[in-house]
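**Student:** Okay, handing you the structure first.
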Amino acid sequence: MTTTSASRPAAPPEPALSVRQVLTLERVLAGEPEVVAGAGGLDRAVRWVHVAEAADVGVMLTGGEMVLTTGVLLAGDESRQAEYIQSLHRAEAAAVVLGLGRAFPAPPEVMRRAAERCGLPLVVLHRPFPFAELTEEVQSRLVRRKFAAVSLSEAVRTDLTALITAGAPLQRLLDEVARHSACPVILTNLAHRVLATAGERSAVDDVLRDWERVARQAGGGALDAWISAELGGRGERWGRLLLCGYRGEAATGRLLADRAAEALVLHRMLGGSALSWEEQSAQSLLTDLVSGVVPARQLLPRARAAGLPVNLRTFVPLVVPGAEPAVLDRLLRVLGLSGLAAELADGVTAVLLSLPRDRPADALTALFAARLREGTGRPDALVAAADPRTGWDEVPAGLREARHVADAVSGSAAALGLPAVVRLKDVHLRGLVRLLRENPDVQSFAERELDGLLRKAEPELLEVLRTYLATGRNKSRTAQLHHVSRPALYRRLEAIQGRLGVDLDDFEQAASVHIALLAHDAQQR
């Protein structure tokens, strides 16, 4: 049964035993219990145990009681026996236990038939049994359960409040909920899109493997032991928290879900992160894909549950320098493209397009880049793209390739006149130098070649040199970009050549300085 609980604070529910559980207690077994009617109701919750002999006992009950009787006041009066059962049924009693003895040496047929008709479990005890022992046993267990539930409630509230106070991210809160619940925890939006998960990885993957079907069943209450808590505030609903396959008592699970929901609502209202839950979800998935720490195949259920189409698709990994994820996400929606956009852990904004295989990936990528330039008003905006991938396992390498391309052209678009979509083939030597930038020999080479400018810290001359080499040693274009006259530019170029001890009109020497400058810029970034 799927239970939905509100996100507002709630009083701890009354933990209960089922009728079936009560009948398995050692003290009860000593009385040789036998279910003679209403066996279909054995999973009813027993909230309390009450000893009563009066025929109108129902007026004294509030529901959920297991009623114990010897039937001494009912013997010989079949109408009173039937009314006794009807009274318990109207009061929504959990069950009635009849101790056989002088009043009823055998199960009374009238009571049995009446109990069967209304579905009330009727249990007879074949051996004499002190009702006080049963009452004591059940009540003590119920009290212990209630105390344990209250303790759990306070422990969860304290732990989650401490995390929120410490500024912990959403994932840390969910991990704590999963620790207390010992089952997979799923956070979704109202469209059942998975925003975050917690719990044992293999168990979470099992839940996500067929998420679309599972989510529908969970929403319709068709899954046992799934407990749901709605998240919202100020008249709005934001999402849903699911405890998937909770193995404990349903009442305790509801309590845990309530406390977790309260904390998540508070975390969101206090602005625990600058990113929305949807943005955090996309960021987590794309970061894990790029890092390669988790195999791509294991991330496939998460991608599918996050709403990214993955079956028979073409994937286009992109990196967009200087763009906000929210802007790119809106652009995807405007163009009707499926994809995820997020800022990676190193500050790079990535986009993963998921296209039907019959659609032209290169043309749609070009359209995306063109609309980006139009929408942002930045004619120099670039989209670094990897070649399209048809296999999910190839996506991480594609994202890393796109990031490498973006890194190689970062800050150089105006000088290089690059197209809106830049690929690996467009970065040439610059891309190679970026790959080798951590090599000590390359670092030493750059410092040695540029020593005359670096040692005297002349950033203006260094910038002129950078533009001059990037434009193919075009003096007119360099003077124009730096807003100086040609004679002034000539003087600066002479100063640069004097500092470095090179002749920039010599192709080999100019190429050596250019490579050194590319390596220097790569190291600085």
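By convention here, the chains of the structure tokens are called A, B, ... in the order presented, each chain's residues are numbered starting at 1, and ligands are numbered starting at 1 in the order presented.
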Could the residues of stretch 283-345 of chain A that have an atom at most 10 Å from stretch 205-220 of chain A be listed as JSON lines, each with its closest atom pair and the distance in Å to one decimal, counting only C-alpha atoms and ordered by chain and ascending residue number?
**Tutor:**
{"residue": "A:Gln298", "atom": "CA", "partner": "A:Asp205", "partner_atom": "CA", "distance": 7.7}
{"residue": "A:Leu299", "atom": "CA", "partner": "A:Asp205", "partner_atom": "CA", "distance": 8.5}
{"residue": "A:Leu300", "atom": "CA", "partner": "A:Arg209", "partner_atom": "CA", "distance": 8.4}
{"residue": "A:Pro301", "atom": "CA", "partner": "A:Arg209", "partner_atom": "CA", "distance": 5.1}
{"residue": "A:Arg302", "atom": "CA", "partner": "A:Leu208", "partner_atom": "CA", "distance": 6.6}
{"residue": "A:Ala303", "atom": "CA", "partner": "A:Leu208", "partner_atom": "CA", "distance": 9.3}
{"residue": "A:Arg304", "atom": "CA", "partner": "A:Trp211", "partner_atom": "CA", "distance": 7.7}
{"residue": "A:Ala305", "atom": "CA", "partner": "A:Trp211", "partner_atom": "CA", "distance": 5.8}
{"residue": "A:Ala306", "atom": "CA", "partner": "A:Trp211", "partner_atom": "CA", "distance": 9.5}
{"residue": "A:Gly307", "atom": "CA", "partner": "A:Glu212", "partner_atom": "CA", "distance": 9.4}
**Student:** Tell me, as number ranges by chain, which residues lie within 10 Å of stretch 352-362 of chain A, counting only C-alpha atoms; anything in the same chain fewer than 5 positions away does not count.
**Tutor:** A: 282, 286, 308-319, 332, 337-342, 367-368, 385, 387-390, 395, 398-399, 421
**Student:** With only C-alpha atoms as the counted atoms, please give the residues lying no more than 8 Å from A:Leu256, apart from itself and same-chain residues fewer than 5 positions off, as a PDB file with all heavy atoms, in the first residue's frame.
**Tutor:**
ATOM      1  N   LEU A 152      12.686   7.846  17.100  1.00  0.00           N
ATOM      2  CA  LEU A 152      13.138   7.957  15.719  1.00  0.00           C
ATOM      3  C   LEU A 152      12.783   9.319  15.145  1.00  0.00           C
ATOM      4  O   LEU A 152      13.595   9.961  14.469  1.00  0.00           O
ATOM      5  CB  LEU A 152      12.492   6.861  14.870  1.00  0.00           C
ATOM      6  CG  LEU A 152      12.737   6.951  13.362  1.00  0.00           C
ATOM      7  CD1 LEU A 152      14.214   6.772  13.046  1.00  0.00           C
ATOM      8  CD2 LEU A 152      11.908   5.923  12.613  1.00  0.00           C
ATOM      9  N   SER A 153      11.575   9.768  15.423  1.00  0.00           N
ATOM     10  CA  SER A 153      11.137  11.065  14.920  1.00  0.00           C
ATOM     11  C   SER A 153      12.076  12.176  15.374  1.00  0.00           C
ATOM     12  O   SER A 153      12.506  13.012  14.582  1.00  0.00           O
ATOM     13  CB  SER A 153       9.719  11.348  15.410  1.00  0.00           C
ATOM     14  OG  SER A 153       9.345  12.676  15.109  1.00  0.00           O
ATOM     15  N   VAL A 156      15.617  11.825  13.712  1.00  0.00           N
ATOM     16  CA  VAL A 156      15.623  12.277  12.327  1.00  0.00           C
ATOM     17  C   VAL A 156      15.540  13.798  12.267  1.00  0.00           C
ATOM     18  O   VAL A 156      16.274  14.455  11.524  1.00  0.00           O
ATOM     19  CB  VAL A 156      14.454  11.638  11.545  1.00  0.00           C
ATOM     20  CG1 VAL A 156      14.322  12.254  10.158  1.00  0.00           C
ATOM     21  CG2 VAL A 156      14.660  10.138  11.430  1.00  0.00           C
ATOM     22  N   VAL A 177      18.425  10.531   5.223  1.00  0.00           N
ATOM     23  CA  VAL A 177      17.109   9.889   5.223  1.00  0.00           C
ATOM     24  C   VAL A 177      17.249   8.418   4.840  1.00  0.00           C
ATOM     25  O   VAL A 177      16.618   7.538   5.442  1.00  0.00           O
ATOM     26  CB  VAL A 177      16.162  10.606   4.243  1.00  0.00           C
ATOM     27  CG1 VAL A 177      14.821   9.871   4.161  1.00  0.00           C
ATOM     28  CG2 VAL A 177      15.928  12.048   4.686  1.00  0.00           C
ATOM     29  N   SER A 181      16.099   5.127   6.949  1.00  0.00           N
ATOM     30  CA  SER A 181      15.035   4.284   6.396  1.00  0.00           C
ATOM     31  C   SER A 181      15.532   2.934   5.914  1.00  0.00           C
ATOM     32  O   SER A 181      14.749   1.995   5.756  1.00  0.00           O
ATOM     33  CB  SER A 181      14.341   5.003   5.242  1.00  0.00           C
ATOM     34  OG  SER A 181      15.239   5.194   4.161  1.00  0.00           O
TER      35      SER A 181
END
**Student:** Would you mind listing what lies within 9 Å of stretch 443-455 of chain A as a PDB file with all heavy atoms, in the first residue's frame, with only C-alpha atoms counted and same-chain residues fewer than 6 positions away left out?
**Tutor:**
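The resulting file, result-v3.pdb, is reproduced below:
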ATOM      1  N   ARG A 437      49.783  20.943 -21.484  1.00  0.00           N
ATOM      2  CA  ARG A 437      50.137  22.107 -20.666  1.00  0.00           C
ATOM      3  C   ARG A 437      50.732  21.760 -19.311  1.00  0.00           C
ATOM      4  O   ARG A 437      51.458  22.568 -18.727  1.00  0.00           O
ATOM      5  CB  ARG A 437      48.904  22.978 -20.477  1.00  0.00           C
ATOM      6  CG  ARG A 437      47.763  22.313 -19.754  1.00  0.00           C
ATOM      7  CD  ARG A 437      46.554  23.210 -19.698  1.00  0.00           C
ATOM      8  NE  ARG A 437      45.385  22.510 -19.201  1.00  0.00           N
ATOM      9  CZ  ARG A 437      44.185  23.044 -19.146  1.00  0.00           C
ATOM     10  NH1 ARG A 437      44.000  24.287 -19.557  1.00  0.00           N
ATOM     11  NH2 ARG A 437      43.162  22.355 -18.704  1.00  0.00           N
ATOM     12  N   LEU A 461      52.624  44.545 -23.786  1.00  0.00           N
ATOM     13  CA  LEU A 461      53.381  43.991 -24.905  1.00  0.00           C
ATOM     14  C   LEU A 461      53.005  42.521 -25.145  1.00  0.00           C
ATOM     15  O   LEU A 461      52.951  42.071 -26.296  1.00  0.00           O
ATOM     16  CB  LEU A 461      54.885  44.110 -24.636  1.00  0.00           C
ATOM     17  CG  LEU A 461      55.462  45.532 -24.639  1.00  0.00           C
ATOM     18  CD1 LEU A 461      56.969  45.499 -24.390  1.00  0.00           C
ATOM     19  CD2 LEU A 461      55.160  46.247 -25.960  1.00  0.00           C
ATOM     20  N   LEU A 462      52.751  41.807 -24.072  1.00  0.00           N
ATOM     21  CA  LEU A 462      52.363  40.404 -24.208  1.00  0.00           C
ATOM     22  C   LEU A 462      51.027  40.283 -24.940  1.00  0.00           C
ATOM     23  O   LEU A 462      50.843  39.389 -25.775  1.00  0.00           O
ATOM     24  CB  LEU A 462      52.272  39.759 -22.821  1.00  0.00           C
ATOM     25  CG  LEU A 462      52.341  38.224 -22.762  1.00  0.00           C
ATOM     26  CD1 LEU A 462      53.683  37.729 -23.258  1.00  0.00           C
ATOM     27  CD2 LEU A 462      52.106  37.744 -21.344  1.00  0.00           C
ATOM     28  N   ILE A 496      59.136  44.174 -28.501  1.00  0.00           N
ATOM     29  CA  ILE A 496      58.915  42.750 -28.207  1.00  0.00           C
ATOM     30  C   ILE A 496      60.074  41.915 -28.729  1.00  0.00           C
ATOM     31  O   ILE A 496      60.616  41.046 -28.025  1.00  0.00           O
ATOM     32  CB  ILE A 496      57.582  42.288 -28.832  1.00  0.00           C
ATOM     33  CG1 ILE A 496      56.403  42.937 -28.091  1.00  0.00           C
ATOM     34  CG2 ILE A 496      57.470  40.768 -28.789  1.00  0.00           C
ATOM     35  CD1 ILE A 496      55.057  42.725 -28.777  1.00  0.00           C
ATOM     36  N   GLY A 498      63.073  42.871 -29.325  1.00  0.00           N
ATOM     37  CA  GLY A 498      64.278  43.152 -28.541  1.00  0.00           C
ATOM     38  C   GLY A 498      64.262  42.424 -27.197  1.00  0.00           C
ATOM     39  O   GLY A 498      65.283  41.872 -26.766  1.00  0.00           O
ATOM     40  N   ARG A 499      63.111  42.405 -26.519  1.00  0.00           N
ATOM     41  CA  ARG A 499      63.019  41.722 -25.226  1.00  0.00           C
ATOM     42  C   ARG A 499      63.248  40.214 -25.388  1.00  0.00           C
ATOM     43  O   ARG A 499      63.878  39.587 -24.549  1.00  0.00           O
ATOM     44  CB  ARG A 499      61.628  41.933 -24.613  1.00  0.00           C
ATOM     45  CG  ARG A 499      61.256  43.376 -24.354  1.00  0.00           C
ATOM     46  CD  ARG A 499      61.819  43.918 -23.042  1.00  0.00           C
ATOM     47  NE  ARG A 499      61.110  45.103 -22.632  1.00  0.00           N
ATOM     48  CZ  ARG A 499      61.308  46.312 -23.143  1.00  0.00           C
ATOM     49  NH1 ARG A 499      62.178  46.481 -24.136  1.00  0.00           N
ATOM     50  NH2 ARG A 499      60.637  47.364 -22.691  1.00  0.00           N
ATOM     51  N   LEU A 500      62.694  39.657 -26.464  1.00  0.00           N
ATOM     52  CA  LEU A 500      62.763  38.207 -26.636  1.00  0.00           C
ATOM     53  C   LEU A 500      63.999  37.754 -27.398  1.00  0.00           C
ATOM     54  O   LEU A 500      64.327  36.560 -27.390  1.00  0.00           O
ATOM     55  CB  LEU A 500      61.509  37.702 -27.361  1.00  0.00           C
ATOM     56  CG  LEU A 500      60.165  37.948 -26.665  1.00  0.00           C
ATOM     57  CD1 LEU A 500      59.025  37.388 -27.508  1.00  0.00           C
ATOM     58  CD2 LEU A 500      60.149  37.321 -25.280  1.00  0.00           C
ATOM     59  N   GLY A 501      64.634  38.668 -28.105  1.00  0.00           N
ATOM     60  CA  GLY A 501      65.796  38.295 -28.896  1.00  0.00           C
ATOM     61  C   GLY A 501      65.440  37.445 -30.091  1.00  0.00           C
ATOM     62  O   GLY A 501      66.166  36.494 -30.435  1.00  0.00           O
ATOM     63  N   SER A 512      57.851  29.345 -32.911  1.00  0.00           N
ATOM     64  CA  SER A 512      58.322  28.927 -31.584  1.00  0.00           C
ATOM     65  C   SER A 512      57.741  29.823 -30.496  1.00  0.00           C
ATOM     66  O   SER A 512      57.268  29.343 -29.449  1.00  0.00           O
ATOM     67  CB  SER A 512      59.854  28.976 -31.548  1.00  0.00           C
ATOM     68  OG  SER A 512      60.333  28.577 -30.279  1.00  0.00           O
ATOM     69  N   VAL A 513      57.744  31.141 -30.760  1.00  0.00           N
ATOM     70  CA  VAL A 513      57.169  32.076 -29.780  1.00  0.00           C
ATOM     71  C   VAL A 513      55.654  31.853 -29.650  1.00  0.00           C
ATOM     72  O   VAL A 513      55.099  31.908 -28.544  1.00  0.00           O
ATOM     73  CB  VAL A 513      57.472  33.526 -30.200  1.00  0.00           C
ATOM     74  CG1 VAL A 513      56.719  34.510 -29.297  1.00  0.00           C
ATOM     75  CG2 VAL A 513      58.964  33.795 -30.125  1.00  0.00           C
ATOM     76  N   ILE A 515      53.953  29.050 -30.085  1.00  0.00           N
ATOM     77  CA  ILE A 515      53.704  27.833 -29.299  1.00  0.00           C
ATOM     78  C   ILE A 515      53.949  28.111 -27.821  1.00  0.00           C
ATOM     79  O   ILE A 515      53.178  27.681 -26.944  1.00  0.00           O
ATOM     80  CB  ILE A 515      54.596  26.684 -29.796  1.00  0.00           C
ATOM     81  CG1 ILE A 515      54.172  26.275 -31.212  1.00  0.00           C
ATOM     82  CG2 ILE A 515      54.505  25.478 -28.843  1.00  0.00           C
ATOM     83  CD1 ILE A 515      55.118  25.293 -31.867  1.00  0.00           C
ATOM     84  N   ALA A 516      55.013  28.836 -27.521  1.00  0.00           N
ATOM     85  CA  ALA A 516      55.311  29.160 -26.123  1.00  0.00           C
ATOM     86  C   ALA A 516      54.193  29.991 -25.507  1.00  0.00           C
ATOM     87  O   ALA A 516      53.798  29.792 -24.346  1.00  0.00           O
ATOM     88  CB  ALA A 516      56.636  29.910 -26.037  1.00  0.00           C
ATOM     89  N   LEU A 517      53.653  30.941 -26.294  1.00  0.00           N
ATOM     90  CA  LEU A 517      52.584  31.793 -25.776  1.00  0.00           C
ATOM     91  C   LEU A 517      51.308  30.976 -25.550  1.00  0.00           C
ATOM     92  O   LEU A 517      50.599  31.171 -24.549  1.00  0.00           O
ATOM     93  CB  LEU A 517      52.318  32.934 -26.748  1.00  0.00           C
ATOM     94  CG  LEU A 517      51.331  34.013 -26.279  1.00  0.00           C
ATOM     95  CD1 LEU A 517      51.786  34.641 -24.971  1.00  0.00           C
ATOM     96  CD2 LEU A 517      51.176  35.081 -27.364  1.00  0.00           C
ATOM     97  N   LEU A 518      50.996  30.051 -26.458  1.00  0.00           N
ATOM     98  CA  LEU A 518      49.840  29.176 -26.260  1.00  0.00           C
ATOM     99  C   LEU A 518      50.000  28.337 -24.990  1.00  0.00           C
ATOM    100  O   LEU A 518      49.050  28.147 -24.224  1.00  0.00           O
ATOM    101  CB  LEU A 518      49.656  28.258 -27.473  1.00  0.00           C
ATOM    102  CG  LEU A 518      49.214  28.920 -28.785  1.00  0.00           C
ATOM    103  CD1 LEU A 518      49.184  27.883 -29.905  1.00  0.00           C
ATOM    104  CD2 LEU A 518      47.851  29.579 -28.635  1.00  0.00           C
ATOM    105  N   ALA A 519      51.195  27.814 -24.785  1.00  0.00           N
ATOM    106  CA  ALA A 519      51.453  27.008 -23.581  1.00  0.00           C
ATOM    107  C   ALA A 519      51.342  27.853 -22.324  1.00  0.00           C
ATOM    108  O   ALA A 519      50.785  27.422 -21.297  1.00  0.00           O
ATOM    109  CB  ALA A 519      52.827  26.368 -23.671  1.00  0.00           C
ATOM    110  N   HIS A 520      51.850  29.078 -22.382  1.00  0.00           N
ATOM    111  CA  HIS A 520      51.763  29.982 -21.229  1.00  0.00           C
ATOM    112  C   HIS A 520      50.305  30.287 -20.886  1.00  0.00           C
ATOM    113  O   HIS A 520      49.902  30.223 -19.709  1.00  0.00           O
ATOM    114  CB  HIS A 520      52.517  31.266 -21.539  1.00  0.00           C
ATOM    115  CG  HIS A 520      52.302  32.351 -20.524  1.00  0.00           C
ATOM    116  ND1 HIS A 520      52.852  32.329 -19.270  1.00  0.00           N
ATOM    117  CD2 HIS A 520      51.543  33.491 -20.586  1.00  0.00           C
ATOM    118  CE1 HIS A 520      52.468  33.404 -18.583  1.00  0.00           C
ATOM    119  NE2 HIS A 520      51.679  34.126 -19.368  1.00  0.00           N
ATOM    120  N   GLN A 523      48.634  27.314 -19.297  1.00  0.00           N
ATOM    121  CA  GLN A 523      49.031  27.116 -17.898  1.00  0.00           C
ATOM    122  C   GLN A 523      48.337  28.111 -16.979  1.00  0.00           C
ATOM    123  O   GLN A 523      47.921  27.782 -15.869  1.00  0.00           O
ATOM    124  CB  GLN A 523      50.554  27.266 -17.776  1.00  0.00           C
ATOM    125  CG  GLN A 523      51.337  26.163 -18.461  1.00  0.00           C
ATOM    126  CD  GLN A 523      52.764  26.560 -18.742  1.00  0.00           C
ATOM    127  OE1 GLN A 523      53.256  27.564 -18.225  1.00  0.00           O
ATOM    128  NE2 GLN A 523      53.446  25.769 -19.573  1.00  0.00           N
TER     129      GLN A 523
END
**Student:** Which residues in stretch 384-464 of chain A does DSSP call strand (DSSP E or B)? List them as a PyMOL selection string.
**Tutor:** chain A and resi 384-385+389+421-422
**Student:** Would you put the residues from that selection into a file with C-alpha atoms, as a tab-separated table (two decimals), in the first residue's frame?
**Tutor:**
chain	number	residue	atom	x	y	z
A	384	ALA	CA	32.25	23.51	-28.42
A	385	ALA	CA	30.92	20.25	-29.81
A	389	ARG	CA	27.51	9.54	-30.40
A	421	VAL	CA	30.22	25.54	-33.55
A	422	VAL	CA	33.82	24.57	-32.85
**Student:** Which of these residues is nearest to A:Leu174, using only C-alpha atoms: A:Ala457, A:Ala115, A:Ala261, A:Val124?
**Tutor:**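 When distances to A:Leu174 are compared using only C-alpha atoms, the smallest one comes from A:Ala261.
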